[in-house]
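Source file: final-v7.csv (CSV, C-alpha atoms and all ligand atoms)
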```
chain,number,residue,atom,x,y,z
O,1,MET,CA,78.0,-29.2,19.8
O,2,ILE,CA,74.7,-30.1,21.4
O,3,PRO,CA,75.0,-33.8,21.9
O,4,PHE,CA,72.2,-36.2,21.1
O,5,ASN,CA,72.5,-37.9,24.4
O,6,ILE,CA,74.3,-37.5,27.8
O,7,PRO,CA,74.0,-40.5,30.2
O,8,PRO,CA,71.9,-39.5,33.3
O,9,TYR,CA,74.0,-38.7,36.4
O,10,VAL,CA,72.3,-37.4,39.6
O,11,GLY,CA,75.3,-37.2,42.0
O,12,THR,CA,74.8,-40.1,44.3
O,13,GLU,CA,76.5,-42.6,42.0
O,14,ASN,CA,80.1,-42.3,43.3
O,15,GLU,CA,79.0,-42.6,47.0
O,16,TYR,CA,76.8,-45.6,46.4
O,17,ILE,CA,79.5,-47.4,44.3
O,18,ALA,CA,82.1,-46.7,47.0
O,19,ASP,CA,79.7,-48.1,49.6
O,20,ALA,CA,79.2,-51.3,47.5
O,21,ILE,CA,83.0,-51.7,47.2
O,22,GLN,CA,83.5,-51.1,51.0
O,23,SER,CA,80.8,-53.6,51.9
O,24,HIS,CA,82.9,-56.3,50.1
O,25,LYS,CA,79.9,-57.4,48.1
O,26,ILE,CA,80.3,-56.6,44.5
O,27,CYS,CA,78.9,-59.6,42.7
O,28,GLY,CA,75.2,-59.8,41.9
O,29,ASP,CA,72.1,-59.9,44.2
O,30,GLY,CA,73.5,-57.8,47.0
O,31,ALA,CA,71.9,-54.9,48.9
O,32,TYR,CA,71.8,-52.4,45.9
O,33,THR,CA,70.2,-55.0,43.6
O,34,LYS,CA,67.6,-55.7,46.2
O,35,ARG,CA,66.9,-52.0,46.8
O,36,CYS,CA,66.5,-51.4,43.1
O,37,GLN,CA,64.2,-54.4,42.6
O,38,GLU,CA,62.0,-53.4,45.6
O,39,LEU,CA,61.7,-49.8,44.4
O,40,LEU,CA,60.7,-51.0,40.9
O,41,GLU,CA,58.2,-53.5,42.4
O,42,GLN,CA,56.6,-50.7,44.4
O,43,ARG,CA,56.4,-48.3,41.5
O,44,THR,CA,55.1,-50.8,38.9
O,45,GLY,CA,53.1,-53.2,40.9
O,46,ALA,CA,54.9,-56.2,39.2
O,47,ALA,CA,54.9,-59.4,41.2
O,48,LYS,CA,58.6,-59.7,40.8
O,49,VAL,CA,61.3,-57.5,39.4
O,50,LEU,CA,64.8,-58.9,38.7
O,51,LEU,CA,67.7,-56.8,37.5
O,52,THR,CA,69.6,-58.0,34.4
O,53,ASN,CA,72.7,-57.1,32.5
O,54,SER,CA,70.8,-55.4,29.7
O,55,GLY,CA,67.4,-54.9,28.2
O,56,THR,CA,68.5,-57.6,25.7
O,57,ASP,CA,69.1,-60.0,28.6
O,58,ALA,CA,65.7,-59.3,29.9
O,59,LEU,CA,64.2,-60.1,26.5
O,60,GLU,CA,66.2,-63.3,26.3
O,61,MET,CA,65.1,-64.4,29.7
O,62,ALA,CA,61.5,-63.7,28.7
O,63,ALA,CA,61.9,-65.7,25.5
O,64,LEU,CA,63.3,-68.6,27.5
O,65,LEU,CA,60.4,-68.4,30.0
O,66,CYS,CA,58.0,-68.6,27.0
O,67,ASP,CA,59.2,-72.2,26.5
O,68,LEU,CA,59.3,-71.9,22.7
O,69,LYS,CA,59.6,-74.9,20.4
O,70,THR,CA,61.3,-74.6,17.0
O,71,GLY,CA,58.9,-73.1,14.6
O,72,ASP,CA,56.7,-71.4,17.2
O,73,GLU,CA,55.7,-68.0,16.0
O,74,VAL,CA,56.1,-64.6,17.7
O,75,ILE,CA,54.2,-61.5,16.5
O,76,LEU,CA,56.1,-58.2,16.8
O,77,PRO,CA,56.6,-54.9,14.9
O,78,SER,CA,59.3,-54.7,12.4
O,79,TYR,CA,60.0,-51.1,13.5
O,80,THR,CA,62.1,-51.9,16.6
O,81,PHE,CA,65.6,-52.6,17.9
O,82,SER,CA,67.2,-55.8,16.8
O,83,SER,CA,67.2,-57.3,20.4
O,84,THR,CA,63.3,-57.5,20.4
O,85,ALA,CA,63.5,-60.0,17.5
O,86,ASN,CA,66.9,-61.6,18.2
O,87,ALA,CA,65.9,-62.8,21.7
O,88,PHE,CA,63.1,-65.0,20.2
O,89,ALA,CA,65.1,-66.1,17.2
O,90,LEU,CA,67.8,-67.4,19.6
O,91,PHE,CA,65.2,-69.9,20.9
O,92,GLY,CA,64.1,-71.1,17.5
O,93,ALA,CA,61.0,-68.9,17.0
O,94,LYS,CA,59.8,-67.7,13.6
O,95,LEU,CA,59.2,-64.0,13.7
O,96,VAL,CA,56.0,-62.6,12.2
O,97,PHE,CA,56.3,-58.9,11.7
O,98,VAL,CA,53.2,-56.7,11.4
O,99,ASP,CA,52.9,-53.0,10.4
O,100,ILE,CA,52.9,-50.1,12.8
O,101,ARG,CA,50.4,-47.2,13.4
O,102,PRO,CA,51.8,-44.0,11.9
O,103,ASP,CA,50.6,-41.9,14.8
O,104,THR,CA,52.6,-43.6,17.6
O,105,MET,CA,54.9,-45.8,15.6
O,106,ASN,CA,53.7,-48.7,17.7
O,107,ILE,CA,52.4,-52.1,16.5
O,108,ASP,CA,49.0,-51.7,14.9
O,109,GLU,CA,46.8,-53.6,17.3
O,110,THR,CA,44.1,-54.0,14.6
O,111,LEU,CA,46.4,-56.1,12.4
O,112,ILE,CA,47.6,-58.6,15.1
O,113,GLU,CA,44.6,-61.0,15.0
O,114,ALA,CA,44.9,-61.7,11.3
O,115,ALA,CA,48.6,-62.7,11.8
O,116,ILE,CA,47.8,-65.4,14.3
O,117,THR,CA,48.2,-69.1,13.3
O,118,GLU,CA,48.1,-72.3,15.2
O,119,LYS,CA,51.8,-71.9,15.8
O,120,THR,CA,51.6,-68.5,17.4
O,121,LYS,CA,52.9,-68.4,21.0
O,122,VAL,CA,53.7,-64.8,21.9
O,123,ILE,CA,52.9,-61.2,21.1
O,124,VAL,CA,55.6,-58.7,21.7
O,125,PRO,CA,54.4,-55.1,21.8
O,126,VAL,CA,57.2,-52.5,21.8
O,127,HIS,CA,56.3,-49.2,23.6
O,128,TYR,CA,58.1,-46.9,21.2
O,129,ALA,CA,59.3,-43.6,22.7
O,130,GLY,CA,57.8,-44.6,26.0
O,131,VAL,CA,54.3,-44.2,24.6
O,132,ALA,CA,52.1,-47.2,25.3
O,133,CYS,CA,50.7,-49.6,22.7
O,134,GLU,CA,47.0,-50.2,22.8
O,135,MET,CA,47.3,-52.8,25.6
O,136,ASP,CA,43.6,-53.4,26.3
O,137,THR,CA,43.1,-54.7,22.8
O,138,ILE,CA,46.4,-56.7,22.8
O,139,MET,CA,45.6,-58.4,26.1
O,140,ASP,CA,42.1,-59.2,24.9
O,141,ILE,CA,43.5,-60.9,21.8
O,142,ALA,CA,46.1,-62.8,23.8
O,143,ASN,CA,43.5,-64.0,26.3
O,144,ARG,CA,41.2,-65.2,23.6
O,145,HIS,CA,43.9,-67.1,21.8
O,146,ASN,CA,45.8,-68.2,24.9
O,147,LEU,CA,49.0,-66.4,24.0
O,148,LEU,CA,51.7,-64.9,26.2
O,149,VAL,CA,52.4,-61.1,26.0
O,150,VAL,CA,56.0,-59.9,26.5
O,151,GLU,CA,56.2,-56.1,26.7
O,152,ASP,CA,59.3,-54.6,25.3
O,153,ALA,CA,59.2,-51.6,27.6
O,154,ALA,CA,62.9,-50.8,27.2
O,155,GLN,CA,62.0,-47.2,26.6
O,156,GLY,CA,58.9,-47.1,28.8
O,157,VAL,CA,60.2,-46.9,32.4
O,158,MET,CA,57.9,-44.5,34.4
O,159,SER,CA,55.3,-44.5,31.6
O,160,THR,CA,51.7,-45.7,32.1
O,161,TYR,CA,48.7,-46.9,30.2
O,162,LYS,CA,45.4,-46.2,31.8
O,163,GLY,CA,47.2,-45.8,35.1
O,164,LYS,CA,49.2,-49.1,34.9
O,165,ALA,CA,53.0,-49.1,34.6
O,166,LEU,CA,54.3,-50.2,31.2
O,167,GLY,CA,56.0,-53.6,31.6
O,168,ALA,CA,53.5,-54.5,34.3
O,169,ILE,CA,50.5,-55.3,32.0
O,170,GLY,CA,51.6,-58.3,30.0
O,171,HIS,CA,52.8,-61.6,31.4
O,172,ILE,CA,56.3,-60.4,31.3
O,173,GLY,CA,57.9,-56.9,30.8
O,174,CYS,CA,61.4,-55.8,29.9
O,175,TYR,CA,63.2,-52.6,30.9
O,176,SER,CA,66.6,-51.3,29.7
O,177,PHE,CA,69.0,-49.2,31.8
O,178,HIS,CA,71.4,-48.6,29.0
O,179,GLU,CA,73.1,-45.2,29.0
O,180,THR,CA,70.8,-44.0,26.3
O,181,LYS,CA,67.7,-44.7,28.3
O,182,ASN,CA,66.0,-42.5,30.9
O,183,TYR,CA,67.6,-44.3,33.9
O,184,SER,CA,70.9,-45.9,33.6
O,185,MET,CA,73.5,-48.3,35.1
O,186,GLY,CA,75.8,-48.2,32.0
O,187,GLU,CA,74.6,-51.5,30.7
O,188,GLY,CA,71.7,-53.1,32.4
O,189,GLY,CA,68.0,-53.8,32.5
O,190,ALA,CA,65.2,-55.6,34.4
O,191,ILE,CA,62.6,-58.2,33.8
O,192,LEU,CA,59.2,-57.7,35.3
O,193,ILE,CA,57.3,-61.0,36.1
O,194,ASN,CA,53.6,-60.3,36.3
O,195,ASP,CA,52.4,-63.8,36.0
O,196,THR,CA,53.2,-65.3,39.4
O,197,LYS,CA,53.4,-68.8,37.9
O,198,LEU,CA,56.7,-67.7,36.2
O,199,VAL,CA,58.5,-66.2,39.2
O,200,GLU,CA,60.3,-69.3,40.4
O,201,ARG,CA,61.5,-70.3,37.0
O,202,ALA,CA,62.6,-66.8,36.3
O,203,GLU,CA,64.9,-66.8,39.4
O,204,ILE,CA,66.3,-70.2,38.3
O,205,VAL,CA,66.9,-69.1,34.7
O,206,ARG,CA,68.7,-66.0,35.9
O,207,GLU,CA,71.0,-67.9,38.2
O,208,LYS,CA,72.6,-70.3,35.7
O,209,GLY,CA,69.7,-72.7,35.9
O,210,THR,CA,70.2,-73.3,39.6
O,211,ASN,CA,67.9,-73.0,42.6
O,212,ARG,CA,70.3,-70.7,44.3
O,213,SER,CA,67.6,-68.1,45.1
O,214,ASN,CA,65.6,-70.7,47.0
O,215,PHE,CA,68.8,-71.7,48.9
O,216,LEU,CA,69.6,-68.2,49.9
O,217,ARG,CA,66.1,-67.8,51.3
O,218,GLY,CA,66.5,-71.1,53.3
O,219,GLN,CA,63.8,-72.8,51.3
O,220,VAL,CA,66.1,-75.7,50.3
O,221,ASP,CA,69.2,-77.0,52.1
O,222,LYS,CA,71.5,-77.2,49.1
O,223,TYR,CA,71.5,-75.6,45.7
O,224,THR,CA,71.9,-77.5,42.4
O,225,TRP,CA,71.4,-77.3,38.7
O,226,VAL,CA,67.7,-77.8,38.0
O,227,ASP,CA,67.0,-76.2,34.6
O,228,ILE,CA,68.6,-74.4,31.6
O,229,GLY,CA,69.5,-70.8,32.2
O,230,SER,CA,72.4,-68.4,32.0
O,231,SER,CA,74.0,-65.7,34.1
O,232,TYR,CA,71.7,-62.7,33.7
O,233,LEU,CA,72.4,-60.8,37.0
O,234,PRO,CA,74.4,-57.6,37.0
O,235,SER,CA,77.2,-56.7,39.5
O,236,GLU,CA,76.5,-54.6,42.5
O,237,LEU,CA,78.6,-51.8,41.1
O,238,ASN,CA,76.1,-51.3,38.3
O,239,ALA,CA,73.1,-51.7,40.6
O,240,ALA,CA,74.6,-49.0,42.9
O,241,TYR,CA,74.8,-46.6,40.0
O,242,LEU,CA,71.2,-47.2,39.2
O,243,TYR,CA,69.9,-47.0,42.7
O,244,GLY,CA,70.4,-43.2,43.1
O,245,GLN,CA,68.7,-42.7,39.7
O,246,LEU,CA,65.7,-44.7,40.7
O,247,GLN,CA,65.5,-42.7,44.0
O,248,SER,CA,65.5,-39.5,41.8
O,249,ALA,CA,63.1,-41.0,39.2
O,250,ASP,CA,60.5,-38.3,39.6
O,251,LYS,CA,63.0,-35.5,39.3
O,252,ILE,CA,64.5,-37.0,36.2
O,253,ASN,CA,61.1,-37.6,34.7
O,254,GLU,CA,59.9,-34.1,35.3
O,255,ASN,CA,63.0,-32.6,33.9
O,256,ARG,CA,62.7,-34.6,30.7
O,257,LEU,CA,59.0,-33.9,30.4
O,258,ALA,CA,59.7,-30.1,30.7
O,259,SER,CA,62.2,-30.4,27.8
O,260,TRP,CA,59.8,-32.4,25.8
O,261,ASN,CA,57.0,-29.8,26.3
O,262,CYS,CA,59.4,-27.0,25.4
O,263,TYR,CA,60.2,-28.7,22.0
O,264,LYS,CA,56.5,-29.3,21.5
O,265,GLU,CA,55.5,-25.7,22.1
O,266,GLY,CA,58.5,-24.3,20.1
O,267,LEU,CA,57.7,-26.5,17.1
O,268,GLN,CA,53.9,-26.2,17.1
O,269,GLU,CA,54.0,-23.4,14.4
O,270,LEU,CA,56.1,-25.5,12.0
O,271,ALA,CA,53.6,-28.4,12.6
O,272,ASN,CA,50.6,-26.2,12.1
O,273,SER,CA,52.0,-25.0,8.7
O,274,GLY,CA,52.3,-28.6,7.6
O,275,ARG,CA,56.1,-28.6,7.3
O,276,ILE,CA,56.7,-31.3,10.0
O,277,GLU,CA,54.7,-33.7,12.2
O,278,LEU,CA,55.0,-33.9,16.0
O,279,PRO,CA,54.7,-37.0,18.2
O,280,VAL,CA,51.2,-38.2,19.2
O,281,VAL,CA,50.4,-39.3,22.7
O,282,PRO,CA,47.0,-41.1,22.7
O,283,GLU,CA,44.5,-40.5,25.5
O,284,GLY,CA,45.1,-42.8,28.5
O,285,CYS,CA,48.8,-42.8,27.9
O,286,VAL,CA,51.2,-40.9,30.2
O,287,HIS,CA,54.7,-40.9,28.6
O,288,ASN,CA,58.2,-40.4,30.0
O,289,ALA,CA,59.7,-38.1,27.4
O,290,HIS,CA,62.1,-40.9,26.4
O,291,MET,CA,62.6,-39.2,23.1
O,292,PHE,CA,61.5,-36.2,21.0
O,293,TYR,CA,61.2,-37.0,17.4
O,294,ILE,CA,59.8,-35.1,14.4
O,295,LYS,CA,58.7,-36.5,11.0
O,296,VAL,CA,59.7,-34.7,7.9
O,297,LYS,CA,58.5,-35.1,4.2
O,298,ASP,CA,60.8,-37.9,3.1
O,299,LEU,CA,64.2,-39.5,3.3
O,300,GLU,CA,65.8,-36.8,1.1
O,301,GLU,CA,64.5,-34.0,3.2
O,302,ARG,CA,65.7,-35.8,6.4
O,303,THR,CA,69.2,-36.2,5.0
O,304,GLN,CA,69.4,-32.5,4.2
O,305,LEU,CA,67.9,-31.5,7.5
O,306,GLN,CA,70.4,-33.6,9.5
O,307,GLN,CA,73.3,-32.1,7.5
O,308,TYR,CA,72.0,-28.6,8.2
O,309,LEU,CA,71.5,-29.3,11.9
O,310,ARG,CA,75.1,-30.7,12.1
O,311,GLU,CA,76.3,-27.4,10.7
O,312,GLN,CA,74.4,-25.7,13.5
O,313,GLU,CA,76.3,-28.0,15.9
O,314,ILE,CA,73.2,-30.1,16.7
O,315,GLN,CA,73.6,-33.8,16.9
O,316,THR,CA,70.5,-35.8,15.7
O,317,ALA,CA,69.7,-39.5,15.1
O,318,PHE,CA,67.4,-41.7,13.3
O,319,HIS,CA,66.3,-45.4,13.5
O,320,TYR,CA,65.4,-48.2,12.8
O,321,ILE,CA,66.2,-50.1,9.6
O,322,PRO,CA,63.0,-52.1,9.5
O,323,LEU,CA,63.9,-55.6,10.7
O,324,HIS,CA,61.9,-57.4,8.0
O,325,SER,CA,64.2,-56.0,5.4
O,326,ALA,CA,67.4,-56.7,7.4
O,327,PRO,CA,69.5,-59.8,6.5
O,328,ALA,CA,68.6,-61.6,9.8
O,329,GLY,CA,65.0,-60.5,9.5
O,330,LEU,CA,64.7,-62.1,6.1
O,331,LYS,CA,66.2,-65.3,7.5
O,332,PHE,CA,64.2,-65.6,10.7
O,333,GLY,CA,61.0,-63.8,9.9
O,334,ARG,CA,58.3,-62.8,7.5
O,335,PHE,CA,56.1,-59.7,7.2
O,336,HIS,CA,52.4,-60.4,7.5
O,337,GLY,CA,50.2,-58.1,5.5
O,338,GLU,CA,51.3,-55.0,3.7
O,339,ASP,CA,54.1,-52.6,4.8
O,340,CYS,CA,52.1,-49.4,4.6
O,341,TYR,CA,53.9,-47.4,7.3
O,342,THR,CA,56.9,-49.3,8.7
O,343,THR,CA,59.4,-48.4,6.0
O,344,LYS,CA,57.9,-45.1,4.9
O,345,GLU,CA,57.6,-43.6,8.4
O,346,SER,CA,61.0,-44.9,9.6
O,347,GLU,CA,62.6,-43.0,6.7
O,348,ARG,CA,61.2,-39.6,7.7
O,349,LEU,CA,61.8,-39.7,11.4
O,350,VAL,CA,64.5,-37.6,13.1
O,351,ARG,CA,65.3,-37.7,16.8
O,352,LEU,CA,66.4,-34.4,18.5
O,353,PRO,CA,68.7,-34.1,21.4
O,354,MET,CA,67.0,-35.3,24.6
O,355,TYR,CA,68.6,-36.1,28.0
O,356,TYR,CA,68.3,-35.3,31.7
O,357,GLY,CA,69.6,-31.8,32.2
O,358,LEU,CA,69.2,-30.6,28.6
O,359,ASN,CA,69.6,-26.8,28.7
O,360,THR,CA,66.6,-24.7,27.7
O,361,ASN,CA,68.8,-22.4,25.6
O,362,ASP,CA,70.0,-25.5,23.7
O,363,ILE,CA,66.3,-26.5,23.0
O,364,GLN,CA,65.7,-22.9,21.8
O,365,HIS,CA,68.7,-23.2,19.5
O,366,VAL,CA,67.3,-26.5,18.0
O,367,VAL,CA,63.9,-24.9,17.5
O,368,ASN,CA,65.3,-21.8,15.9
O,369,SER,CA,67.5,-23.8,13.6
O,370,LEU,CA,64.5,-25.9,12.5
O,371,GLN,CA,62.5,-22.8,11.8
O,372,LYS,CA,65.4,-21.3,9.7
O,373,PHE,CA,65.6,-24.5,7.7
O,374,TYR,CA,61.9,-24.4,6.8
O,375,PHE,CA,61.0,-20.7,6.7
C,401,LIG,C1,67.3,-50.2,24.2
C,401,LIG,C2,66.3,-51.1,23.7
C,401,LIG,C3,66.5,-52.5,23.8
C,401,LIG,C4,67.8,-53.2,24.3
C,401,LIG,O1,68.2,-52.7,25.6
C,401,LIG,P1,69.8,-52.9,26.0
C,401,LIG,O2,69.8,-52.6,27.4
C,401,LIG,O3,70.6,-51.9,25.1
C,401,LIG,O4,70.2,-54.3,25.7
C,401,LIG,C5,65.5,-53.4,23.4
C,401,LIG,N1,64.4,-52.9,22.8
C,401,LIG,C6,64.2,-51.6,22.7
C,401,LIG,C7,62.9,-51.1,22.1
C,401,LIG,C8,65.2,-50.6,23.1
C,401,LIG,O5,65.0,-49.3,22.9
```

Give the structure from this file in structure tokens form.
Amino acid sequence: MIPFNIPPYVGTENEYIADAIQSHKICGDGAYTKRCQELLEQRTGAAKVLLTNSGTDALEMAALLCDLKTGDEVILPSYTFSSTANAFALFGAKLVFVDIRPDTMNIDETLIEAAITEKTKVIVPVHYAGVACEMDTIMDIANRHNLLVVEDAAQGVMSTYKGKALGAIGHIGCYSFHETKNYSMGEGGAILINDTKLVERAEIVREKGTNRSNFLRGQVDKYTWVDIGSSYLPSELNAAYLYGQLQSADKINENRLASWNCYKEGLQELANSGRIELPVVPEGCVHNAHMFYIKVKDLEERTQLQQYLREQEIQTAFHYIPLHSAPAGLKFGRFHGEDCYTTKESERLVRLPMYYGLNTNDIQHVVNSLQKFYF
């Protein structure tokens, strides 16, 4: 069986975890957390990067930092993972879903402005498959309406938009280091604070609402509870796993891109004949090969294709059930405008096996199987 995903492993993980154990510092914010954060700050240009326990945690921290009042509105795509919406619903926000663009599956930036009301507080673009949303337009809308932008860049680590790292463009960015993402620590994530006014509060929110970070830097002589927050910091054991992966980030990225290009070349003929559609990467966007997906005719064809590929020992996946039609989405949100693409496109998307170290012969087997299914 060719698995859909294998968590990334570069070979330094055991040594670094052993080192963390032997240093007798296994709780959060030790040497490995600092190394990961510094590396990510250098690579992204973010004013402050803080590791979290998950991408979900990073989004929840972001929602907390947005200082929402009950009934404040947040604009986001319906085609995304539940955590994007859940984080804001937790703090009492009303979710306003808008449609996606069929080419990138990202929020349609031309529909955002019409969804803005006097209650709108935040726009949450999701960089699907590590391909950037149209950030110039989104930042322009946010600036003109005085809104915050929280980028869900869970899938976008190492991707760029016009030369800028995803997650480092909006006021806040969120990364995931879940085992299904390009770089992993088992469960984990990071919040990127780009608006320097939010840095101090971010540190407090992450440390149970205390000013412990100021205390550790010697800026105050005792630490105490100063605001609401939670415990969003991961253990050093997880940070140690991540550190080696971040050191090898280019190697992992190049390997994934090579696999992605191999799929793209192999499937071009099927796309040219109109049987399937391949992913689109707009100009100005450099992606990270987070996923390789194809789009087929409809839901029925997708079900048949996935069954056929299973018989060829190929594991595939699909997602997402549009949030606006999910029980919690109906409760906490509404869809603004018409659902032209969210539901239709989500039903015909199939994700092919994609992970660090994916074998070229396996890619060839997937390509051949797809050709056999169609020709
Ligand atoms: C993976 C993912 C998340 C959540 O990240 P976790 O680390 O699993 O909590 C959020 N949003 C998107 C778009 C994701 O792909």

Just the residues within 10 Å of O:Glu345, please, counting all atoms listed in the file, with nothing from its chain fewer than 2 positions along; format it as an MDAnalysis selection string. chainID O and resid 79 100:103 105 295:299 340:343 347:349

What do you get as a PDB file with C-alpha atoms, in the frame of the given file if you pick all residues at most 8 Å from ligand LIG 401 (chain C), counting all atoms listed in the file?
```pdb
ATOM      1  CA  ASN O  53      72.700 -57.100  32.500  1.00  0.00           C
ATOM      2  CA  SER O  54      70.800 -55.400  29.700  1.00  0.00           C
ATOM      3  CA  GLY O  55      67.400 -54.900  28.200  1.00  0.00           C
ATOM      4  CA  THR O  56      68.500 -57.600  25.700  1.00  0.00           C
ATOM      5  CA  ASP O  57      69.100 -60.000  28.600  1.00  0.00           C
ATOM      6  CA  ALA O  58      65.700 -59.300  29.900  1.00  0.00           C
ATOM      7  CA  LEU O  59      64.200 -60.100  26.500  1.00  0.00           C
ATOM      8  CA  THR O  80      62.100 -51.900  16.600  1.00  0.00           C
ATOM      9  CA  PHE O  81      65.600 -52.600  17.900  1.00  0.00           C
ATOM     10  CA  SER O  82      67.200 -55.800  16.800  1.00  0.00           C
ATOM     11  CA  SER O  83      67.200 -57.300  20.400  1.00  0.00           C
ATOM     12  CA  THR O  84      63.300 -57.500  20.400  1.00  0.00           C
ATOM     13  CA  VAL O 126      57.200 -52.500  21.800  1.00  0.00           C
ATOM     14  CA  HIS O 127      56.300 -49.200  23.600  1.00  0.00           C
ATOM     15  CA  TYR O 128      58.100 -46.900  21.200  1.00  0.00           C
ATOM     16  CA  ASP O 152      59.300 -54.600  25.300  1.00  0.00           C
ATOM     17  CA  ALA O 153      59.200 -51.600  27.600  1.00  0.00           C
ATOM     18  CA  ALA O 154      62.900 -50.800  27.200  1.00  0.00           C
ATOM     19  CA  GLN O 155      62.000 -47.200  26.600  1.00  0.00           C
ATOM     20  CA  TYR O 175      63.200 -52.600  30.900  1.00  0.00           C
ATOM     21  CA  SER O 176      66.600 -51.300  29.700  1.00  0.00           C
ATOM     22  CA  PHE O 177      69.000 -49.200  31.800  1.00  0.00           C
ATOM     23  CA  HIS O 178      71.400 -48.600  29.000  1.00  0.00           C
ATOM     24  CA  THR O 180      70.800 -44.000  26.300  1.00  0.00           C
ATOM     25  CA  LYS O 181      67.700 -44.700  28.300  1.00  0.00           C
ATOM     26  CA  GLU O 187      74.600 -51.500  30.700  1.00  0.00           C
ATOM     27  CA  GLY O 188      71.700 -53.100  32.400  1.00  0.00           C
ATOM     28  CA  GLY O 189      68.000 -53.800  32.500  1.00  0.00           C
TER      29      GLY O 189
END
```

Using only C-alpha atoms, which residues sit within 7 Å of stretch 237-251 of chain O once same-chain residues fewer than 6 positions away are excluded, as a list in words? Val10, Thr12, Glu13, Tyr16, Ile17, Ala20, Ile26, Tyr32, Thr33, Cys36, Tyr183, Ser184 and Met185 of chain O

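In this model, the gap between atom CA of O:Pro279 and atom CA of O:Thr110 comes to 20.4 Å.
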
Atom-to-atom span, atom CA of O:Lys48 and atom CA of O:Gly167, Å: 11.3 Å

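Take the candidates O:Gly45, O:His324, O:Leu309, O:Glu15 and check each one against O:His365 using all atoms listed in the file; the shortest distance goes to O:Leu309.
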
If you count all atoms listed in the file, which residues fall within 9 Å of O:Gly337, apart from same-chain ones fewer than 4 positions away, as a short mmCIF file (atom, residue, chain, number, x, y, z; two decimals) with C-alpha atoms, in the frame of the given file?
```cif
data_model
loop_
_atom_site.label_atom_id
_atom_site.label_comp_id
_atom_site.auth_asym_id
_atom_site.auth_seq_id
_atom_site.Cartn_x
_atom_site.Cartn_y
_atom_site.Cartn_z
CA PHE O 97 56.30 -58.90 11.70
CA VAL O 98 53.20 -56.70 11.40
CA ASP O 99 52.90 -53.00 10.40
CA LEU O 111 46.40 -56.10 12.40
CA ALA O 114 44.90 -61.70 11.30
CA ALA O 115 48.60 -62.70 11.80
#
```

Just the number, please: distance in Å from atom CA of O:Cys66 to atom CA of O:Cys285, one decimal. 27.4 Å

Give me the residues near stretch 270-272 of chain O as a ChimeraX atom specification, where near means some atom within 10 Å (using all atoms listed in the file) and where sequence neighbours in that chain fewer than 2 positions away do not count. /O:264,266-268,274-278,294-296,367,370-371,374-375

Spatial neighbours of O:Thr210, 12 Å, all atoms listed in the file, chain gap at least 5 places, as a PyMOL selection string: chain O and resi 200-205+215-216+220+222-231
